[in-house]
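Peer 1: Sending over start_35.cif (mmCIF, C-alpha atoms (C1' of nucleotides)).
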```
data_target
loop_
_atom_site.label_atom_id
_atom_site.label_comp_id
_atom_site.auth_asym_id
_atom_site.auth_seq_id
_atom_site.Cartn_x
_atom_site.Cartn_y
_atom_site.Cartn_z
CA MET A 1 80.41 111.97 82.67
CA GLU A 2 78.37 113.79 85.27
CA ASN A 3 79.50 116.37 87.77
CA LEU A 4 81.14 114.44 90.54
CA ARG A 5 81.66 117.32 92.87
CA GLU A 6 78.05 118.37 92.74
CA LEU A 7 76.92 114.88 93.63
CA PHE A 8 79.05 114.85 96.73
CA GLN A 9 78.31 118.43 97.62
CA ILE A 10 74.60 117.72 97.68
CA MET A 11 75.02 114.53 99.62
CA THR A 12 77.17 116.02 102.35
CA ARG A 13 74.94 119.05 102.61
CA ARG A 14 71.94 116.81 103.13
CA PHE A 15 73.69 114.90 105.87
CA GLY A 16 74.59 118.22 107.39
CA PHE A 17 70.92 119.10 107.51
CA LEU A 18 70.20 115.78 109.11
CA ASP A 19 72.69 116.62 111.83
CA LYS A 20 71.22 120.07 112.33
CA ASN A 21 67.73 118.78 112.86
CA CYS A 22 68.22 115.96 115.27
CA CYS A 23 69.89 117.10 118.45
CA SER A 24 67.62 117.60 121.39
CA VAL A 25 66.94 114.78 123.79
CA GLY A 26 64.33 115.16 126.47
CA GLY A 27 64.99 118.46 128.19
CA VAL A 28 68.67 118.58 127.23
CA ASN A 29 69.64 120.52 124.15
CA VAL A 30 72.75 119.14 122.52
CA SER A 31 74.53 120.88 119.65
CA ILE A 32 75.73 118.86 116.65
CA ILE A 33 79.27 119.33 117.80
CA HIS A 34 78.46 118.01 121.23
CA SER A 35 76.60 115.05 119.74
CA HIS A 36 79.65 114.15 117.68
CA ILE A 37 81.82 114.33 120.75
CA LEU A 38 79.48 112.07 122.70
CA TYR A 39 79.48 109.67 119.77
CA GLU A 40 83.27 109.46 119.68
CA ILE A 41 83.69 109.09 123.41
CA ASP A 42 81.19 106.27 123.31
CA LYS A 43 82.93 104.62 120.40
CA GLN A 44 86.57 104.94 121.43
CA HIS A 45 87.69 102.97 124.43
CA HIS A 46 88.42 105.41 127.27
CA PRO A 47 90.00 108.03 125.02
CA SER A 48 92.02 110.98 126.20
CA ILE A 49 90.99 114.55 125.45
CA GLN A 50 93.73 114.75 122.87
CA GLN A 51 92.61 111.62 121.04
CA VAL A 52 89.05 112.76 120.54
CA ALA A 53 90.12 116.27 119.54
CA GLU A 54 92.39 114.62 116.98
CA THR A 55 89.71 112.42 115.42
CA LEU A 56 87.30 115.31 115.21
CA GLY A 57 89.93 117.67 113.83
CA THR A 58 89.16 120.30 116.45
CA ASP A 59 91.69 122.70 117.89
CA ILE A 60 92.75 121.35 121.27
CA THR A 61 92.02 124.53 123.20
CA THR A 62 88.55 124.77 121.74
CA PHE A 63 88.00 121.13 122.44
CA SER A 64 89.12 121.47 126.02
CA ARG A 65 86.36 124.01 126.52
CA GLN A 66 83.79 121.88 124.73
CA ILE A 67 84.55 119.07 127.15
CA GLN A 68 84.25 121.46 130.06
CA ALA A 69 80.78 122.35 128.83
CA LEU A 70 79.77 118.70 128.52
CA VAL A 71 81.10 117.98 132.01
CA LYS A 72 79.08 120.88 133.34
CA MET A 73 76.00 119.46 131.59
CA ASN A 74 76.77 116.21 133.37
CA LEU A 75 77.07 114.23 130.14
CA VAL A 76 80.80 113.51 130.23
CA LYS A 77 83.17 112.51 133.00
CA LYS A 78 86.87 113.33 133.16
CA THR A 79 89.02 110.83 135.04
CA PRO A 80 92.74 111.37 135.64
CA HIS A 81 94.84 108.69 133.96
CA PRO A 82 96.30 106.41 136.64
CA ASP A 83 99.79 106.19 135.11
CA ASP A 84 100.14 109.63 133.51
CA LYS A 85 98.78 112.51 135.50
CA ARG A 86 98.85 114.85 132.52
CA VAL A 87 96.16 112.85 130.78
CA TYR A 88 92.43 112.83 131.34
CA ILE A 89 90.34 109.87 130.33
CA LEU A 90 86.91 110.66 128.97
CA SER A 91 83.77 108.65 129.48
CA LEU A 92 80.04 109.16 129.30
CA THR A 93 77.96 109.58 132.41
CA VAL A 94 74.75 107.58 132.66
CA GLU A 95 72.88 110.59 131.36
CA GLY A 96 75.45 111.12 128.60
CA LYS A 97 75.14 107.51 127.55
CA TYR A 98 71.39 107.91 127.44
CA VAL A 99 71.61 111.02 125.29
CA ALA A 100 74.14 109.39 122.96
CA THR A 101 72.00 106.30 122.60
CA THR A 102 68.88 108.30 121.90
CA ILE A 103 70.59 110.36 119.23
CA ASP A 104 71.98 107.17 117.75
CA GLN A 105 68.48 105.72 117.51
CA GLN A 106 67.16 108.88 115.90
CA MET A 107 69.92 108.74 113.34
CA LYS A 108 69.17 105.11 112.62
CA THR A 109 65.53 105.93 112.16
CA TYR A 110 66.41 108.66 109.71
CA LEU A 111 68.71 106.37 107.79
CA ASN A 112 66.11 103.62 107.64
CA ASP A 113 63.69 106.20 106.41
CA VAL A 114 66.06 107.08 103.59
CA PHE A 115 66.67 103.47 102.71
CA SER A 116 62.97 102.72 102.69
CA HIS A 117 62.91 104.40 99.29
CA MET A 118 65.15 101.72 97.82
CA ASN A 119 64.81 98.04 97.18
CA GLU A 120 66.99 95.54 98.98
CA PHE A 121 69.49 95.28 96.16
CA GLU A 122 69.95 99.01 95.89
CA LYS A 123 70.38 99.27 99.62
CA GLU A 124 73.10 96.64 99.62
CA THR A 125 74.83 98.35 96.75
CA VAL A 126 74.78 101.71 98.46
CA ILE A 127 76.13 100.38 101.73
CA ARG A 128 78.89 98.53 99.92
CA SER A 129 79.71 101.71 98.06
CA ILE A 130 80.00 103.81 101.18
CA LYS A 131 82.41 101.24 102.53
CA LEU A 132 84.45 101.37 99.36
CA LEU A 133 84.47 105.14 99.58
CA ASN A 134 85.65 105.16 103.17
CA GLU A 135 88.43 102.76 102.35
CA ALA A 136 89.49 104.80 99.35
CA MET A 137 89.50 108.02 101.36
CA ALA A 138 91.56 106.37 104.05
CA LYS A 139 94.14 105.55 101.40
CA THR A 140 94.21 109.08 100.04
CA SER A 141 96.77 110.94 102.05
CA ASN A 142 96.38 114.47 100.75
CA CYS A 143 92.76 114.78 101.66
CA CYS A 144 90.00 113.61 103.91
CA THR A 145 92.12 113.06 106.97
CA THR A 146 92.55 115.26 109.99
CA PRO A 147 93.22 118.80 108.85
CA MET A 148 96.86 119.79 108.80
CA ARG A 149 97.65 122.49 111.24
CA MET B 1 74.14 93.84 109.67
CA GLU B 2 76.82 96.47 110.16
CA ASN B 3 76.55 99.84 111.83
CA LEU B 4 74.96 102.09 109.28
CA ARG B 5 75.30 105.29 111.20
CA GLU B 6 79.00 104.81 111.76
CA LEU B 7 79.56 104.30 108.06
CA PHE B 8 77.90 107.59 107.23
CA GLN B 9 79.41 109.43 110.16
CA ILE B 10 82.90 108.55 108.99
CA MET B 11 82.15 109.42 105.42
CA THR B 12 80.71 112.84 106.15
CA ARG B 13 83.47 113.63 108.59
CA ARG B 14 86.05 112.82 105.94
CA PHE B 15 84.36 115.10 103.44
CA GLY B 16 84.30 117.76 106.11
CA PHE B 17 88.05 117.45 106.42
CA LEU B 18 88.35 117.73 102.68
CA ASP B 19 86.46 120.99 102.83
CA LYS B 20 88.59 122.29 105.68
CA ASN B 21 91.82 121.74 103.82
CA CYS B 22 91.12 123.13 100.42
CA CYS B 23 90.15 126.75 100.62
CA SER B 24 92.85 129.21 99.78
CA VAL B 25 93.26 130.44 96.24
CA GLY B 26 96.23 132.57 95.35
CA GLY B 27 96.44 135.32 97.90
CA VAL B 28 92.78 135.12 98.84
CA ASN B 29 91.81 133.05 101.84
CA VAL B 30 88.29 131.68 101.54
CA SER B 31 86.52 129.90 104.36
CA ILE B 32 84.55 126.69 103.66
CA ILE B 33 81.37 128.59 104.19
CA HIS B 34 82.37 131.22 101.68
CA SER B 35 83.39 128.56 99.18
CA HIS B 36 79.98 126.95 99.47
CA ILE B 37 78.32 130.30 98.89
CA LEU B 38 80.43 130.94 95.80
CA TYR B 39 79.56 127.48 94.57
CA GLU B 40 75.83 128.04 94.94
CA ILE B 41 75.84 131.49 93.39
CA ASP B 42 77.73 130.05 90.45
CA LYS B 43 75.31 127.17 90.12
CA GLN B 44 72.00 128.93 90.58
CA HIS B 45 70.89 131.32 87.91
CA HIS B 46 71.06 134.85 89.33
CA PRO B 47 69.74 133.88 92.74
CA SER B 48 68.53 136.28 95.38
CA ILE B 49 70.11 136.48 98.81
CA GLN B 50 67.15 134.65 100.24
CA GLN B 51 67.37 131.78 97.79
CA VAL B 52 70.98 130.99 98.52
CA ALA B 53 70.48 131.33 102.26
CA GLU B 54 67.62 128.87 101.90
CA THR B 55 69.58 126.23 99.98
CA LEU B 56 72.46 126.45 102.41
CA GLY B 57 70.16 126.40 105.43
CA THR B 58 71.79 129.47 106.91
CA ASP B 59 69.99 132.03 109.04
CA ILE B 60 69.18 134.98 106.80
CA THR B 61 70.77 137.61 109.02
CA THR B 62 73.96 135.64 109.25
CA PHE B 63 73.88 135.08 105.53
CA SER B 64 73.37 138.75 104.83
CA ARG B 65 76.61 139.46 106.65
CA GLN B 66 78.44 136.66 104.87
CA ILE B 67 77.47 138.20 101.57
CA GLN B 68 78.63 141.59 102.78
CA ALA B 69 82.00 140.06 103.53
CA LEU B 70 82.23 138.48 100.07
CA VAL B 71 81.27 141.76 98.44
CA LYS B 72 84.00 143.50 100.41
CA MET B 73 86.45 140.84 99.22
CA ASN B 74 85.31 141.63 95.71
CA LEU B 75 84.18 138.08 94.99
CA VAL B 76 80.45 138.67 94.82
CA LYS B 77 78.34 141.39 93.27
CA LYS B 78 74.93 142.50 94.52
CA THR B 79 72.59 143.90 91.87
CA PRO B 80 69.17 145.33 92.70
CA HIS B 81 66.39 143.35 91.07
CA PRO B 82 64.89 145.41 88.23
CA ASP B 83 61.25 144.57 89.03
CA ASP B 84 61.34 144.19 92.80
CA LYS B 85 63.49 146.67 94.64
CA ARG B 86 63.45 144.66 97.84
CA VAL B 87 65.47 141.92 96.21
CA TYR B 88 69.17 141.74 95.47
CA ILE B 89 70.48 139.47 92.74
CA LEU B 90 73.80 137.80 93.43
CA SER B 91 76.53 137.05 90.93
CA LEU B 92 80.22 136.31 90.97
CA THR B 93 82.74 138.93 90.01
CA VAL B 94 85.51 137.92 87.63
CA GLU B 95 87.73 137.27 90.60
CA GLY B 96 84.95 135.39 92.37
CA LYS B 97 84.42 133.22 89.33
CA TYR B 98 88.13 132.52 89.22
CA VAL B 99 88.21 131.54 92.88
CA ALA B 100 85.13 129.33 92.50
CA THR B 101 86.57 127.61 89.45
CA THR B 102 89.89 127.00 91.12
CA ILE B 103 88.27 125.50 94.19
CA ASP B 104 86.12 123.36 91.92
CA GLN B 105 89.20 122.03 90.18
CA GLN B 106 90.89 121.29 93.49
CA MET B 107 87.82 119.38 94.62
CA LYS B 108 87.77 117.41 91.40
CA THR B 109 91.42 116.57 91.83
CA TYR B 110 90.76 115.34 95.34
CA LEU B 111 87.83 113.23 94.19
CA ASN B 112 89.82 111.74 91.33
CA ASP B 113 92.52 110.97 93.83
CA VAL B 114 90.02 109.08 95.96
CA PHE B 115 88.62 107.21 92.97
CA SER B 116 92.06 106.27 91.80
CA HIS B 117 92.00 103.63 94.52
CA MET B 118 89.12 101.84 92.83
CA ASN B 119 88.69 99.99 89.60
CA GLU B 120 86.34 101.26 86.94
CA PHE B 121 83.49 99.03 88.00
CA GLU B 122 83.69 100.07 91.63
CA LYS B 123 83.82 103.70 90.64
CA GLU B 124 80.68 103.37 88.56
CA THR B 125 78.93 101.56 91.37
CA VAL B 126 79.84 104.21 93.91
CA ILE B 127 78.71 107.08 91.70
CA ARG B 128 75.44 105.33 90.98
CA SER B 129 74.99 104.75 94.69
CA ILE B 130 75.51 108.40 95.60
CA LYS B 131 72.87 109.28 93.06
CA LEU B 132 70.48 106.75 94.54
CA LEU B 133 71.19 108.15 97.97
CA ASN B 134 70.53 111.71 96.90
CA GLU B 135 67.26 110.72 95.32
CA ALA B 136 66.22 108.77 98.39
CA MET B 137 67.09 111.67 100.68
CA ALA B 138 65.12 114.04 98.50
CA LYS B 139 62.10 111.79 98.98
CA THR B 140 62.53 111.68 102.74
CA SER B 141 60.65 114.62 104.12
CA ASN B 142 61.51 114.43 107.80
CA CYS B 143 65.22 114.72 107.31
CA CYS B 144 68.00 115.90 105.09
CA THR B 145 66.25 118.95 103.79
CA THR B 146 66.64 122.53 104.80
CA PRO B 147 66.32 122.83 108.56
CA MET B 148 62.78 123.51 109.63
CA ARG B 149 61.48 126.88 110.78
"C1'" DA C 1 43.00 154.87 97.33
"C1'" DT C 2 44.52 153.85 101.85
"C1'" DT C 3 45.28 151.06 105.31
"C1'" DT C 4 47.24 146.59 106.56
"C1'" DA C 5 50.04 142.48 105.78
"C1'" DT C 6 53.93 140.29 103.71
"C1'" DT C 7 58.30 139.97 101.99
"C1'" DA C 8 63.51 140.88 101.37
"C1'" DT C 9 67.11 142.62 103.39
"C1'" DT C 10 69.82 145.02 106.99
"C1'" DT C 11 71.47 146.48 111.69
"C1'" DG C 12 71.90 146.38 117.15
"C1'" DC C 13 73.28 143.76 120.46
"C1'" DA C 14 74.51 140.29 123.36
"C1'" DA C 15 75.90 135.54 123.67
"C1'" DA C 16 78.65 131.78 121.99
"C1'" DA C 17 82.54 129.75 119.54
"C1'" DT C 18 87.13 130.12 117.84
"C1'" DG C 19 92.33 130.03 118.03
"C1'" DC C 20 96.73 131.88 119.16
"C1'" DA C 21 100.03 132.78 122.85
"C1'" DA C 22 101.25 131.78 127.14
"C1'" DG C 23 100.65 129.26 131.35
"C1'" DT C 24 100.80 124.94 134.61
"C1'" DA C 25 101.84 120.45 135.65
"C1'" DT C 26 103.86 116.17 134.56
"C1'" DT C 27 106.72 112.87 132.21
"C1'" DA C 28 110.65 111.63 129.12
"C1'" DA C 29 115.28 112.51 127.28
"C1'" DA C 30 119.86 114.25 127.52
"C1'" DT D 1 119.46 117.31 137.04
"C1'" DT D 2 118.91 120.21 133.59
"C1'" DT D 3 116.33 120.34 129.24
"C1'" DA D 4 112.78 119.07 126.22
"C1'" DA D 5 108.46 117.33 125.18
"C1'" DT D 6 103.65 116.29 126.23
"C1'" DA D 7 98.68 116.99 127.95
"C1'" DC D 8 95.88 120.06 129.20
"C1'" DT D 9 94.06 124.80 130.67
"C1'" DT D 10 93.41 129.85 130.72
"C1'" DG D 11 93.70 134.91 128.91
"C1'" DC D 12 92.52 137.43 125.63
"C1'" DA D 13 90.99 139.35 121.35
"C1'" DT D 14 88.46 138.24 117.13
"C1'" DT D 15 84.93 136.20 114.65
"C1'" DT D 16 80.52 134.01 114.17
"C1'" DT D 17 76.09 133.42 115.50
"C1'" DG D 18 70.94 134.49 115.86
"C1'" DC D 19 67.09 136.86 117.83
"C1'" DA D 20 64.57 141.17 117.94
"C1'" DA D 21 63.73 145.13 115.75
"C1'" DA D 22 64.23 148.43 111.86
"C1'" DT D 23 63.78 149.73 107.00
"C1'" DA D 24 62.08 149.64 102.62
"C1'" DA D 25 59.24 147.86 99.08
"C1'" DT D 26 55.45 145.13 97.24
"C1'" DA D 27 50.91 142.73 97.68
"C1'" DA D 28 46.27 142.22 99.72
"C1'" DA D 29 42.31 143.89 101.84
"C1'" DT D 30 39.09 147.25 102.85
#
```
Translate this structure into C-alpha cells?
Peer 2:
Amino acid sequence: MENLRELFQIMTRRFGFLDKNCCSVGGVNVSIIHSHILYEIDKQHHPSIQQVAETLGTDITTFSRQIQALVKMNLVKKTPHPDDKRVYILSLTVEGKYVATTIDQQMKTYLNDVFSHMNEFEKETVIRSIKLLNEAMAKTSNCCTTPMR
Amino acid sequence: MENLRELFQIMTRRFGFLDKNCCSVGGVNVSIIHSHILYEIDKQHHPSIQQVAETLGTDITTFSRQIQALVKMNLVKKTPHPDDKRVYILSLTVEGKYVATTIDQQMKTYLNDVFSHMNEFEKETVIRSIKLLNEAMAKTSNCCTTPMR
DNA sequence: ATTTATTATTTGCAAAATGCAAGTATTAAA
DNA sequence: TTTAATACTTGCATTTTGCAAATAATAAAT
C-alpha cells in the first residue's frame, strides 16, 4: 500500500506549476487567479459576483476587488441585474473572451502533451478515473468543497 | 470527447479546498504554504533552503522569510552545513514533526473518506491512474515542472 | 596566491493581495 | 412601515510578494 497523500500532493503541485507557467496572452498579463475567474465567468451562465466568489472559495471583498481589476483591464463586464438592483451580472468582454479562449487552448495543448506519453487505453483509464474522483469528492461533505468560513 | 481541462480544473480546485480546510493543529495555526514546507522538509533528507524552495517553486527570498517564520514558530530548525558555511540544513523540530504528522493523518483521513465512495476496483484504478499521470507529467518538459527562470 | 565569478542566503523597500469591520443600497419579511 | 437580510463596496491595517542589492562563503581563473 503506497503513500496516497504523496501521490496526490505531487499531482496537485504539478498542476499548480502548469497554472503558474501559462498565463500571458498577447500583451496582456493575466495572473492565475484572474485566469480562473475568466474561466468561471465563461463557464457559468451570466453569474453574479457572489456566485463566482462562492465557486472559487474567495472572500467576497477580495473578489469584488479582483473583478474591479478585470473590469479595468477591459476583460470583464459588470451589468446590473434587471430585476434585483443589488446584483451585478458578470460577463466577458470580447477581449476577455479572447484571453479566456487562448488560455483554454494552451491548457489543452499542455494536457495533450501529457497524454501523449500514454497509450489510448491508459488515457481512457485516467480520464475515467478523474471523473470517478470528482464524483467521489462531490459526495464527501467534510472536504473538497468550498471552504467553511 | 469530453472537456479535459474542465475535469482537471475541478479536480485541482477541490484539492485546493481540501488544503484550505485542514491546517490547524492543536493551538498552532499553520497555513497551507507552511504545511507544504513542513511536508517537504520531512520528506527530503536534510534539505537546504534552496532545495525546498526549488521543489515548491517559490521565490527564494520569499521562501527565506517563510522559513524564518517557521523557525520563530519553533517548527523548523536551521543548522549550518558542516562543509559549506553558505548553506543551511533544514529539519523539523519535535513540535514540527508532530504538526506534520498530524496534518498527514488528517489528509489520509480525507482521502480515505473520498475513496470510501468507490469500490475496491475503482480505487485501484484511480490510484494507478494518478501514478500514470505523475509519470507522464514528469516526462513533459514544457509544463508541470518547477516554474522557469 | 589573488583576483574574479558563483553560489546560498538575507534584507530593504515598495507594490500587491488579503480579510475584517463597517458602509451603502436594495429587496424581503414581520 | 419598521426590521431583517442580501449583494456589493470601501477603509483600513496586516500580510505576502518579488526585485534589487547586500553579505558571506566557496570555486574558478589568472
Peer 1: Report as a VMD selection string the full result of the PyMOL selection byres ((chain B and resi 36-51) around 6) when it is applied to this structure.
Peer 2: chain B and resid 33 to 35 52 to 54 88 to 90 100
Peer 1: I'd like the neighbourhood of Glu135 of chain A as an NGL selection string, where a residue qualifies if any of its atoms comes within 12 Å (using only C-alpha atoms (C1' of nucleotides)), though same-chain residues fewer than 6 positions away should be ignored.
Peer 2: (:A and (128-129 or 141 or 144-145)) or (:B and (7 or 10-11 or 14 or 114-118))
Peer 1: Could you work out which residues of chain A fall inside 8 Å of chain D? Count only C-alpha atoms (C1' of nucleotides), and format the result as a list of chain:residue names.
Peer 2: A:Gln50, A:Thr61, A:Ser64, A:Arg86, A:Val87
Peer 1: Would you put the residues from that selection into a file with C-alpha atoms, as a short mmCIF file (atom, residue, chain, number, x, y, z; two decimals), keeping the file's coordinate frame?
Peer 2:
```cif
data_model
loop_
_atom_site.label_atom_id
_atom_site.label_comp_id
_atom_site.auth_asym_id
_atom_site.auth_seq_id
_atom_site.Cartn_x
_atom_site.Cartn_y
_atom_site.Cartn_z
CA GLN A 50 93.73 114.75 122.87
CA THR A 61 92.02 124.53 123.20
CA SER A 64 89.12 121.47 126.02
CA ARG A 86 98.85 114.85 132.52
CA VAL A 87 96.16 112.85 130.78
#
```
Peer 1: Take the PyMOL selection byres ((chain A) within 10 of (chain C)), run it mentally on this structure, and tell me the resulting residues as a tab-separated table (two decimals) with C-alpha atoms, keeping the file's coordinate frame.
Peer 2:
```tsv
chain	number	residue	atom	x	y	z
A	59	ASP	CA	91.69	122.70	117.89
A	60	ILE	CA	92.75	121.35	121.27
A	61	THR	CA	92.02	124.53	123.20
A	62	THR	CA	88.55	124.77	121.74
A	65	ARG	CA	86.36	124.01	126.52
A	66	GLN	CA	83.79	121.88	124.73
A	84	ASP	CA	100.14	109.63	133.51
A	85	LYS	CA	98.78	112.51	135.50
A	86	ARG	CA	98.85	114.85	132.52
A	87	VAL	CA	96.16	112.85	130.78
```
Peer 1: One decimal, Å: what's the distance from atom CA of Gln9 of chain B over to atom CA of Leu132 of chain B, could you say?
Peer 2: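 About the pair atom CA of Gln9 of chain B and atom CA of Leu132 of chain B: they are 18.2 Å apart.
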Peer 1: I need the chain B residues near chain A as a PyMOL selection string; criterion: at most 7 Å, counting all atoms listed in the file.
Peer 2: chain B and resi 5+7+11-12+14-15+17-18+20-21+107-108+110+113-115+117+125-126+129-131+134+136-137+140+143-147
Peer 1: What is the atom CA of Gly26 of chain B to atom CA of Thr79 of chain B distance in Å?
Peer 2: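 Here the two named atoms are 26.4 Å from each other.
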Peer 1: Suppose you want the space between atom CA of Thr101 of chain A and atom CA of Phe63 of chain A; what is it in Å?
Peer 2: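 Rounded to one decimal, the two atoms are 21.8 Å apart.
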